[in-house]
$ cat work-v9.tsv   # TSV, C-alpha atoms
chain	number	residue	atom	x	y	z
A	1327	MET	CA	13.25	-11.08	46.39
A	1328	LEU	CA	10.46	-12.36	44.14
A	1329	PHE	CA	12.03	-10.90	41.01
A	1330	GLN	CA	15.10	-13.07	41.51
A	1331	ASP	CA	13.09	-16.21	42.22
A	1332	PRO	CA	13.79	-18.85	39.52
A	1333	ASP	CA	10.09	-19.71	39.24
A	1334	PHE	CA	9.20	-16.06	38.78
A	1335	GLN	CA	11.92	-15.70	36.13
A	1336	LYS	CA	10.31	-18.57	34.23
A	1337	LEU	CA	6.99	-16.72	34.42
A	1338	LEU	CA	8.66	-13.58	33.06
A	1339	LEU	CA	10.08	-15.66	30.21
A	1340	LEU	CA	6.63	-17.01	29.43
A	1341	HIS	CA	5.23	-13.49	29.47
A	1342	SER	CA	7.94	-12.28	27.10
A	1343	ARG	CA	7.25	-15.09	24.66
A	1344	ASP	CA	3.49	-14.59	24.93
A	1345	ARG	CA	3.84	-10.92	24.04
A	1346	ARG	CA	6.09	-11.71	21.10
A	1347	TYR	CA	3.64	-14.35	19.89
A	1348	GLN	CA	0.68	-11.99	20.12
A	1349	LYS	CA	2.60	-9.31	18.24
A	1350	LEU	CA	3.45	-11.77	15.46
A	1351	VAL	CA	-0.16	-12.96	15.23
A	1352	GLN	CA	-1.39	-9.38	14.93
A	1353	GLU	CA	1.24	-8.63	12.30
A	1354	LEU	CA	0.18	-11.67	10.27
A	1355	GLU	CA	-3.48	-10.68	10.56
A	1356	GLU	CA	-2.69	-7.20	9.24
A	1357	LEU	CA	-0.34	-8.43	6.50
A	1358	PRO	CA	-3.00	-9.21	3.84
A	1359	HIS	CA	-4.46	-5.71	4.23
A	1360	GLU	CA	-0.97	-4.19	4.05
A	1361	LEU	CA	-0.20	-6.15	0.87
A	1362	ASP	CA	-3.54	-5.08	-0.62
A	1363	ARG	CA	-2.70	-1.42	0.05
A	1364	MET	CA	0.70	-1.87	-1.59
A	1365	ASP	CA	-0.94	-3.57	-4.58
A	1366	GLU	CA	-3.37	-0.66	-4.90
A	1367	LYS	CA	-0.52	1.87	-4.91
A	1368	ILE	CA	1.34	-0.16	-7.54
A	1369	ALA	CA	-1.83	-0.37	-9.65
A	1370	VAL	CA	-2.32	3.40	-9.47
A	1371	GLU	CA	1.25	4.01	-10.64
A	1372	GLN	CA	0.92	1.47	-13.43
A	1373	LYS	CA	-2.38	3.02	-14.47
A	1374	SER	CA	-0.74	6.43	-14.80
A	1375	VAL	CA	1.78	4.93	-17.22
A	1376	GLU	CA	-0.98	3.23	-19.19
A	1377	LEU	CA	-2.99	6.46	-19.37
A	1378	ALA	CA	0.04	8.43	-20.58
A	1379	LEU	CA	0.77	5.86	-23.29
A	1380	ALA	CA	-2.91	5.69	-24.26
A	1381	GLU	CA	-3.06	9.49	-24.61
A	1382	TRP	CA	0.01	9.46	-26.83
A	1383	LYS	CA	-1.40	6.61	-28.92
A	1384	ASN	CA	-4.78	8.34	-29.22
A	1385	LEU	CA	-3.18	11.57	-30.47
A	1386	GLU	CA	-1.07	9.65	-32.97
A	1387	SER	CA	-4.26	7.96	-34.18
A	1388	GLN	CA	-5.98	11.36	-34.52
A	1389	ASN	CA	-3.04	12.66	-36.53
A	1390	ASN	CA	-3.09	9.64	-38.84
A	1391	THR	CA	-6.83	10.05	-39.38
A	1392	LEU	CA	-6.45	13.74	-40.22
A	1393	GLU	CA	-3.56	12.92	-42.55
A	1394	LYS	CA	-5.69	10.39	-44.43
A	1395	GLU	CA	-8.67	12.74	-44.61
A	1396	ILE	CA	-6.53	15.61	-45.96
A	1397	LEU	CA	-4.96	13.29	-48.51
A	1398	SER	CA	-8.39	12.02	-49.55
A	1399	LYS	CA	-9.70	15.56	-50.03
A	1400	ASN	CA	-6.63	16.54	-52.07
A	1401	GLU	CA	-7.21	13.53	-54.29
A	1402	LEU	CA	-10.85	14.52	-54.67
A	1403	ILE	CA	-9.83	18.08	-55.57
A	1404	ALA	CA	-7.50	16.73	-58.26
A	1405	LYS	CA	-10.40	14.69	-59.71
A	1406	GLN	CA	-12.73	17.67	-59.64
A	1407	ARG	CA	-10.15	19.83	-61.47
A	1408	ASN	CA	-9.86	17.17	-64.16
A	1409	ARG	CA	-13.63	17.16	-64.49
A	1410	GLN	CA	-13.57	20.94	-64.92
A	1411	LEU	CA	-11.51	20.42	-68.04
A	1412	GLU	CA	-14.21	18.17	-69.46
A	1413	VAL	CA	-17.40	20.13	-68.66
A	1414	LYS	CA	-18.80	22.52	-71.24
A	1415	LYS	CA	-21.45	24.34	-69.27
A	1416	ASN	CA	-20.45	27.26	-67.11
A	1417	GLU	CA	-22.92	26.20	-64.40
A	1418	GLU	CA	-21.28	22.79	-64.09
A	1419	TYR	CA	-17.82	24.37	-64.00
A	1420	GLN	CA	-18.88	26.78	-61.26
A	1421	ALA	CA	-20.46	24.00	-59.24
A	1422	LEU	CA	-17.20	22.06	-59.35
A	1423	GLU	CA	-15.31	25.22	-58.42
A	1424	ASN	CA	-17.56	25.73	-55.40
A	1425	GLU	CA	-17.01	22.12	-54.35
A	1426	ILE	CA	-13.25	22.54	-54.72
A	1427	SER	CA	-13.36	25.74	-52.68
A	1428	ASN	CA	-15.34	23.99	-49.96
A	1429	LEU	CA	-12.85	21.11	-49.90
A	1430	LEU	CA	-9.91	23.53	-49.64
A	1431	SER	CA	-11.62	25.26	-46.72
A	1432	LYS	CA	-12.09	21.94	-44.94
A	1433	ILE	CA	-8.47	21.01	-45.65
A	1434	GLU	CA	-7.32	24.27	-44.08
A	1435	GLU	CA	-9.40	23.56	-40.98
A	1436	GLN	CA	-8.04	20.04	-40.69
A	1437	GLU	CA	-4.46	21.21	-41.24
A	1438	ASN	CA	-4.88	23.70	-38.38
A	1439	GLU	CA	-6.33	20.93	-36.26
A	1440	GLN	CA	-3.43	18.71	-37.23
A	1441	ILE	CA	-0.93	21.33	-36.08
A	1442	GLU	CA	-2.61	21.42	-32.66
A	1443	VAL	CA	-2.60	17.63	-32.49
A	1444	LEU	CA	1.10	17.51	-33.41
A	1445	LEU	CA	1.91	19.95	-30.60
A	1446	LYS	CA	-0.07	17.80	-28.18
A	1447	ILE	CA	1.76	14.72	-29.45
A	1448	ASP	CA	5.10	16.28	-28.47
A	1449	ASP	CA	3.83	16.93	-24.94
A	1450	ALA	CA	2.21	13.49	-24.69
A	1451	ARG	CA	5.38	11.80	-25.93
A	1452	GLU	CA	7.45	13.59	-23.29
A	1453	THR	CA	4.94	12.71	-20.56
A	1454	ALA	CA	4.84	9.07	-21.66
A	1455	GLU	CA	8.62	8.81	-21.74
A	1456	VAL	CA	8.85	10.24	-18.22
A	1457	ALA	CA	6.12	7.84	-17.08
A	1458	GLN	CA	7.85	4.87	-18.63
A	1459	GLY	CA	11.12	5.91	-17.05
A	1460	LYS	CA	10.66	7.34	-13.58
A	1461	ILE	CA	7.25	5.85	-12.78
A	1462	SER	CA	8.19	2.40	-14.06
A	1463	GLU	CA	11.31	2.56	-11.92
A	1464	ARG	CA	9.21	3.55	-8.91
A	1465	VAL	CA	6.79	0.71	-9.64
A	1466	ALA	CA	9.70	-1.73	-9.74
A	1467	GLU	CA	10.92	-0.48	-6.35
A	1468	MET	CA	7.42	-0.72	-4.86
A	1469	GLN	CA	7.01	-4.24	-6.23
A	1470	GLU	CA	10.36	-5.23	-4.71
A	1471	GLN	CA	9.25	-3.85	-1.32
A	1472	ARG	CA	5.97	-5.69	-1.65
A	1473	ASP	CA	7.72	-8.97	-2.43
A	1474	LYS	CA	10.08	-8.51	0.53
A	1475	ARG	CA	7.14	-7.82	2.83
A	1476	ALA	CA	5.34	-10.92	1.61
A	1477	SER	CA	8.52	-12.97	2.07
A	1478	LEU	CA	8.94	-11.59	5.58
A	1479	GLY	CA	5.37	-12.65	6.28
A	1480	GLU	CA	6.29	-16.25	5.43
A	1481	GLU	CA	9.23	-16.01	7.81
A	1482	ARG	CA	6.94	-14.66	10.50
A	1483	LYS	CA	4.61	-17.64	10.05
A	1484	VAL	CA	7.49	-20.02	10.70
A	1485	GLU	CA	8.65	-17.96	13.68
A	1486	THR	CA	5.10	-17.94	15.08
A	1487	GLU	CA	4.84	-21.72	14.94
A	1488	GLU	CA	8.26	-22.13	16.57
A	1489	LEU	CA	7.35	-19.63	19.28
A	1490	LYS	CA	4.06	-21.40	19.91
A	1491	THR	CA	5.98	-24.59	20.63
A	1492	GLU	CA	8.39	-22.73	22.91
A	1493	ILE	CA	5.46	-21.25	24.85
A	1494	GLU	CA	3.94	-24.67	25.38
A	1495	GLU	CA	7.26	-25.98	26.71
A	1496	THR	CA	7.78	-22.93	28.94
A	1497	ARG	CA	4.32	-23.29	30.48
A	1498	LYS	CA	5.28	-26.77	31.66
A	1499	ASP	CA	8.18	-25.32	33.67
A	1500	VAL	CA	6.24	-22.53	35.39
A	1501	GLU	CA	5.14	-23.08	38.99
A	1502	PRO	CA	1.41	-24.08	38.85
A	1503	SER	CA	0.12	-21.39	41.21
A	1504	PHE	CA	2.05	-18.71	39.30
A	1505	LEU	CA	0.71	-20.05	36.03
A	1506	ALA	CA	-2.88	-20.08	37.31
A	1507	THR	CA	-2.62	-16.44	38.40
A	1508	TYR	CA	-1.00	-15.49	35.11
A	1509	ASP	CA	-3.73	-17.17	33.04
A	1510	ARG	CA	-6.40	-15.48	35.14
A	1511	VAL	CA	-4.79	-12.09	34.56
A	1512	LYS	CA	-4.70	-12.70	30.80
A	1513	LYS	CA	-8.46	-13.15	30.86
A	1514	ILE	CA	-9.25	-9.97	32.78
A	1515	VAL	CA	-6.65	-7.61	31.29
A	1516	SER	CA	-7.71	-6.39	27.87
A	1517	ARG	CA	-4.26	-5.99	26.38
A	1518	PRO	CA	-0.61	-6.78	27.18
A	1519	PRO	CA	1.54	-6.40	29.16
A	1520	TYR	CA	0.10	-8.79	31.68
A	1521	MET	CA	3.08	-8.31	33.97
A	1522	ALA	CA	4.57	-4.91	34.78
A	1523	PRO	CA	7.28	-3.59	37.09
A	1524	ILE	CA	6.45	-0.99	39.73
A	1525	ASN	CA	8.31	2.29	39.28
A	1526	ASP	CA	7.95	5.15	41.75
A	1527	GLN	CA	5.02	3.27	43.32
A	1528	LYS	CA	3.21	3.25	39.95
A	1529	CYS	CA	2.25	0.24	37.87
A	1530	THR	CA	4.00	0.68	34.53
A	1531	GLY	CA	1.19	-1.25	32.88
A	1532	CYS	CA	-1.64	1.18	33.68
A	1533	HIS	CA	0.57	4.08	34.96
A	1534	LEU	CA	-1.58	4.46	38.07
A	1535	ARG	CA	-0.37	4.57	41.66
A	1536	VAL	CA	-0.61	1.29	43.51
A	1537	SER	CA	-1.56	1.00	47.19
A	1538	ASN	CA	0.91	0.54	50.01
A	1539	ASP	CA	-0.52	-2.93	50.52
A	1540	VAL	CA	0.53	-3.89	46.99
A	1541	VAL	CA	4.03	-2.52	47.53
A	1542	SER	CA	4.31	-4.32	50.85
A	1543	SER	CA	3.13	-7.58	49.29
A	1544	VAL	CA	5.76	-7.31	46.57
A	1545	LEU	CA	8.68	-6.19	48.72
A	1546	VAL	CA	8.02	-7.72	52.14
A	1547	GLU	CA	5.85	-10.76	51.60
A	1548	LYS	CA	7.60	-11.55	48.32
A	1549	LYS	CA	4.58	-13.20	46.79
A	1550	ILE	CA	2.98	-12.89	43.38
A	1551	THR	CA	0.86	-9.76	43.51
A	1552	GLN	CA	-1.60	-7.97	41.25
A	1553	CYS	CA	-2.02	-4.24	40.68
A	1554	ASP	CA	-5.08	-3.05	42.59
A	1555	GLN	CA	-5.89	-0.70	39.69
A	1556	CYS	CA	-5.61	-2.80	36.54
A	1557	GLY	CA	-5.13	-6.37	37.78
A	1558	ARG	CA	-1.73	-6.93	36.15
A	1559	ILE	CA	0.93	-8.92	37.96
A	1560	VAL	CA	3.39	-6.41	39.40
A	1561	TYR	CA	6.93	-6.76	40.68
A	1562	VAL	CA	10.02	-4.72	41.55
A	1563	GLU	CA	13.10	-5.16	39.42
A	1564	ARG	CA	15.84	-5.70	42.03
$ encode --input "work-v9.tsv" --output "structure tokens"
Amino acid sequence: MLFQDPDFQKLLLLHSRDRRYQKLVQELEELPHELDRMDEKIAVEQKSVELALAEWKNLESQNNTLEKEILSKNELIAKQRNRQLEVKKNEEYQALENEISNLLSKIEEQENEQIEVLLKIDDARETAEVAQGKISERVAEMQEQRDKRASLGEERKVETEELKTEIEETRKDVEPSFLATYDRVKKIVSRPPYMAPINDQKCTGCHLRVSNDVVSSVLVEKKITQCDQCGRIVYVER
């Protein structure tokens, strides 16, 4: 039985290591893009915290500005009232009174605006505190996952180099004719597996039915055989 042949078992070992190596290479090729996507997600979360804090800070700044402007107008009103005590003409007194009335009206508008700002500050403060708490915690978790993934990538690089060496050593032990067929199959088959067992007279690589000649070659002639549909090396696990 070909499957039990020591030389064929060495070929199966080579195939197993080849597939593992290719999977690792693909994983390493995709890793930078994966890390970039994780960085983007972290940046979005961090940005939401920054925006929440900026909104809170902006509202606090608006409130401080309104507070200063109201205080300034009150001081100006006090000065204008003192001037009223000094003027002698009724026209001048009335002009100052009109100015004071206008200032009081503006103060009322700004005080109403300040009340709205203070209400917004309460909401912004609550939002910012939630952002700093829950979102910052989530960012920390995402960063930890990102660091672990990057660290795993370094481990995969080492494993890939070790596996590459193992593959080179395994190739030396494979029977030359088997190896030649195997290398030829790798060139014509677009993707792994390059070797596949036959199950219910179907190649498990392409899932198509193989001919009786292929089955006979595998079972009776016991020689290395290729699927007549996809070209993969086929065998029966017995």
$ residues_around --input "work-v9.tsv" --residues "Ser1543 (chain A)" --least-positions-apart "5" --cutoff "12 Å" --atoms "all atoms listed in the file" --output "number ranges by chain"
A: 1327-1328, 1536-1538, 1548-1554, 1559-1562
$ atom_distance --input "work-v9.tsv" --atom1 "CA of Lys1490 (chain A)" --atom2 "CA of Asp1344 (chain A)"
8.5 Å
$ closest_residue --input "work-v9.tsv" --among "A:Met1521, A:Ile1403, A:Leu1489, A:Ala1476" --to "Leu1357 (chain A)" --atoms "only C-alpha atoms"
A:Ala1476
$ closest_residue --input "work-v9.tsv" --among "A:Ala1522, A:Leu1350, A:Met1468, A:Leu1338" --to "Arg1363 (chain A)" --atoms "only C-alpha atoms"
A:Met1468
$ closest_residue --input "work-v9.tsv" --among "A:Glu1487, A:Asp1449, A:Glu1371, A:Glu1463" --to "Val1351 (chain A)" --atoms "only C-alpha atoms"
A:Glu1487
$ atom_distance --input "work-v9.tsv" --atom1 "CA of Gln1372 (chain A)" --atom2 "CA of Val1465 (chain A)"
7.0 Å
$ residues_around --input "work-v9.tsv" --residues "Leu1354 (chain A)" --least-positions-apart "3" --cutoff "10 Å" --atoms "all atoms listed in the file" --output "list in words"
Gln1348, Lys1349, Leu1350, Val1351, Leu1357, Pro1358, His1359, Glu1360, Leu1478, Gly1479, Glu1480, Arg1482, Lys1483 and Thr1486 of chain A
$ closest_residue --input "work-v9.tsv" --among "A:Lys1460, A:Glu1467, A:Gln1410, A:Glu1563" --to "Ile1426 (chain A)" --atoms "all atoms listed in the file"
A:Gln1410
$ residues_around --input "work-v9.tsv" --residues "Lys1512 (chain A)" --least-positions-apart "5" --cutoff "12 Å" --atoms "all atoms listed in the file" --output "list in words"
His1341, Asp1344, Arg1345, Gln1348, Leu1505, Ala1506, Thr1507, Arg1517, Pro1518, Pro1519, Tyr1520, Met1521, Gln1552, Cys1556, Gly1557, Arg1558 and Ile1559 of chain A
$ atom_distance --input "work-v9.tsv" --atom1 "CA of Ile1368 (chain A)" --atom2 "CA of Lys1474 (chain A)"
14.5 Å
$ closest_residue --input "work-v9.tsv" --among "A:Gln1352, A:Ser1342, A:Asn1384, A:Asn1438" --to "Arg1451 (chain A)" --atoms "only C-alpha atoms"
A:Asn1384
$ build_atoms --input "work-v9.tsv" --residues "region 1526-1555 of chain A" --atoms "N, CA and C atoms" --output "PDB file, in the coordinates of the input"
ATOM      1  N   ASP A1526       8.416   3.983  41.011  1.00  0.00           N
ATOM      2  CA  ASP A1526       7.950   5.150  41.750  1.00  0.00           C
ATOM      3  C   ASP A1526       6.529   4.931  42.278  1.00  0.00           C
ATOM      4  N   GLN A1527       6.308   3.715  42.763  1.00  0.00           N
ATOM      5  CA  GLN A1527       5.020   3.270  43.320  1.00  0.00           C
ATOM      6  C   GLN A1527       3.882   3.360  42.286  1.00  0.00           C
ATOM      7  N   LYS A1528       4.225   3.282  41.010  1.00  0.00           N
ATOM      8  CA  LYS A1528       3.210   3.250  39.950  1.00  0.00           C
ATOM      9  C   LYS A1528       3.370   1.988  39.127  1.00  0.00           C
ATOM     10  N   CYS A1529       2.238   1.407  38.765  1.00  0.00           N
ATOM     11  CA  CYS A1529       2.250   0.240  37.870  1.00  0.00           C
ATOM     12  C   CYS A1529       2.573   0.748  36.467  1.00  0.00           C
ATOM     13  N   THR A1530       3.623   0.216  35.867  1.00  0.00           N
ATOM     14  CA  THR A1530       4.000   0.680  34.530  1.00  0.00           C
ATOM     15  C   THR A1530       3.097   0.115  33.440  1.00  0.00           C
ATOM     16  N   GLY A1531       2.150  -0.736  33.848  1.00  0.00           N
ATOM     17  CA  GLY A1531       1.190  -1.250  32.880  1.00  0.00           C
ATOM     18  C   GLY A1531       0.036  -0.292  32.671  1.00  0.00           C
ATOM     19  N   CYS A1532      -0.505   0.244  33.776  1.00  0.00           N
ATOM     20  CA  CYS A1532      -1.640   1.180  33.680  1.00  0.00           C
ATOM     21  C   CYS A1532      -1.239   2.612  34.049  1.00  0.00           C
ATOM     22  N   HIS A1533       0.013   2.761  34.594  1.00  0.00           N
ATOM     23  CA  HIS A1533       0.570   4.080  34.960  1.00  0.00           C
ATOM     24  C   HIS A1533      -0.199   4.743  36.099  1.00  0.00           C
ATOM     25  N   LEU A1534      -0.872   3.939  36.906  1.00  0.00           N
ATOM     26  CA  LEU A1534      -1.580   4.460  38.070  1.00  0.00           C
ATOM     27  C   LEU A1534      -0.847   4.049  39.348  1.00  0.00           C
ATOM     28  N   ARG A1535      -1.033   4.829  40.389  1.00  0.00           N
ATOM     29  CA  ARG A1535      -0.370   4.570  41.660  1.00  0.00           C
ATOM     30  C   ARG A1535      -0.981   3.347  42.337  1.00  0.00           C
ATOM     31  N   VAL A1536      -0.126   2.473  42.812  1.00  0.00           N
ATOM     32  CA  VAL A1536      -0.610   1.290  43.510  1.00  0.00           C
ATOM     33  C   VAL A1536      -0.648   1.577  45.010  1.00  0.00           C
ATOM     34  N   SER A1537      -1.407   0.791  45.742  1.00  0.00           N
ATOM     35  CA  SER A1537      -1.560   1.000  47.190  1.00  0.00           C
ATOM     36  C   SER A1537      -0.311   0.531  47.929  1.00  0.00           C
ATOM     37  N   ASN A1538      -0.206   0.974  49.164  1.00  0.00           N
ATOM     38  CA  ASN A1538       0.910   0.540  50.010  1.00  0.00           C
ATOM     39  C   ASN A1538       0.853  -0.963  50.261  1.00  0.00           C
ATOM     40  N   ASP A1539      -0.364  -1.483  50.310  1.00  0.00           N
ATOM     41  CA  ASP A1539      -0.520  -2.930  50.520  1.00  0.00           C
ATOM     42  C   ASP A1539       0.115  -3.714  49.378  1.00  0.00           C
ATOM     43  N   VAL A1540      -0.044  -3.218  48.153  1.00  0.00           N
ATOM     44  CA  VAL A1540       0.530  -3.890  46.990  1.00  0.00           C
ATOM     45  C   VAL A1540       2.051  -3.833  47.075  1.00  0.00           C
ATOM     46  N   VAL A1541       2.582  -2.671  47.421  1.00  0.00           N
ATOM     47  CA  VAL A1541       4.030  -2.520  47.530  1.00  0.00           C
ATOM     48  C   VAL A1541       4.578  -3.441  48.622  1.00  0.00           C
ATOM     49  N   SER A1542       3.881  -3.469  49.734  1.00  0.00           N
ATOM     50  CA  SER A1542       4.310  -4.320  50.850  1.00  0.00           C
ATOM     51  C   SER A1542       4.285  -5.791  50.444  1.00  0.00           C
ATOM     52  N   SER A1543       3.250  -6.184  49.709  1.00  0.00           N
ATOM     53  CA  SER A1543       3.130  -7.580  49.290  1.00  0.00           C
ATOM     54  C   SER A1543       4.286  -7.966  48.380  1.00  0.00           C
ATOM     55  N   VAL A1544       4.675  -7.030  47.515  1.00  0.00           N
ATOM     56  CA  VAL A1544       5.760  -7.310  46.570  1.00  0.00           C
ATOM     57  C   VAL A1544       7.110  -7.336  47.277  1.00  0.00           C
ATOM     58  N   LEU A1545       7.364  -6.339  48.133  1.00  0.00           N
ATOM     59  CA  LEU A1545       8.680  -6.190  48.720  1.00  0.00           C
ATOM     60  C   LEU A1545       8.879  -7.020  49.988  1.00  0.00           C
ATOM     61  N   VAL A1546       7.860  -7.062  50.839  1.00  0.00           N
ATOM     62  CA  VAL A1546       8.020  -7.720  52.140  1.00  0.00           C
ATOM     63  C   VAL A1546       7.595  -9.171  52.097  1.00  0.00           C
ATOM     64  N   GLU A1547       6.365  -9.384  51.610  1.00  0.00           N
ATOM     65  CA  GLU A1547       5.850 -10.760  51.600  1.00  0.00           C
ATOM     66  C   GLU A1547       6.440 -11.583  50.460  1.00  0.00           C
ATOM     67  N   LYS A1548       6.930 -10.880  49.451  1.00  0.00           N
ATOM     68  CA  LYS A1548       7.600 -11.550  48.320  1.00  0.00           C
ATOM     69  C   LYS A1548       6.728 -12.623  47.675  1.00  0.00           C
ATOM     70  N   LYS A1549       5.473 -12.263  47.453  1.00  0.00           N
ATOM     71  CA  LYS A1549       4.580 -13.200  46.790  1.00  0.00           C
ATOM     72  C   LYS A1549       4.018 -12.560  45.519  1.00  0.00           C
ATOM     73  N   ILE A1550       3.518 -13.412  44.630  1.00  0.00           N
ATOM     74  CA  ILE A1550       2.980 -12.890  43.380  1.00  0.00           C
ATOM     75  C   ILE A1550       1.783 -11.999  43.686  1.00  0.00           C
ATOM     76  N   THR A1551       1.820 -10.786  43.133  1.00  0.00           N
ATOM     77  CA  THR A1551       0.860  -9.760  43.510  1.00  0.00           C
ATOM     78  C   THR A1551       0.296  -9.070  42.269  1.00  0.00           C
ATOM     79  N   GLN A1552      -0.952  -8.660  42.370  1.00  0.00           N
ATOM     80  CA  GLN A1552      -1.600  -7.970  41.250  1.00  0.00           C
ATOM     81  C   GLN A1552      -1.815  -6.501  41.575  1.00  0.00           C
ATOM     82  N   CYS A1553      -1.742  -5.670  40.543  1.00  0.00           N
ATOM     83  CA  CYS A1553      -2.020  -4.240  40.680  1.00  0.00           C
ATOM     84  C   CYS A1553      -3.478  -4.065  41.091  1.00  0.00           C
ATOM     85  N   ASP A1554      -3.701  -3.231  42.124  1.00  0.00           N
ATOM     86  CA  ASP A1554      -5.080  -3.050  42.590  1.00  0.00           C
ATOM     87  C   ASP A1554      -5.853  -2.060  41.722  1.00  0.00           C
ATOM     88  N   GLN A1555      -5.224  -1.605  40.625  1.00  0.00           N
ATOM     89  CA  GLN A1555      -5.890  -0.700  39.690  1.00  0.00           C
ATOM     90  C   GLN A1555      -6.296  -1.419  38.396  1.00  0.00           C
TER      91      GLN A1555
END
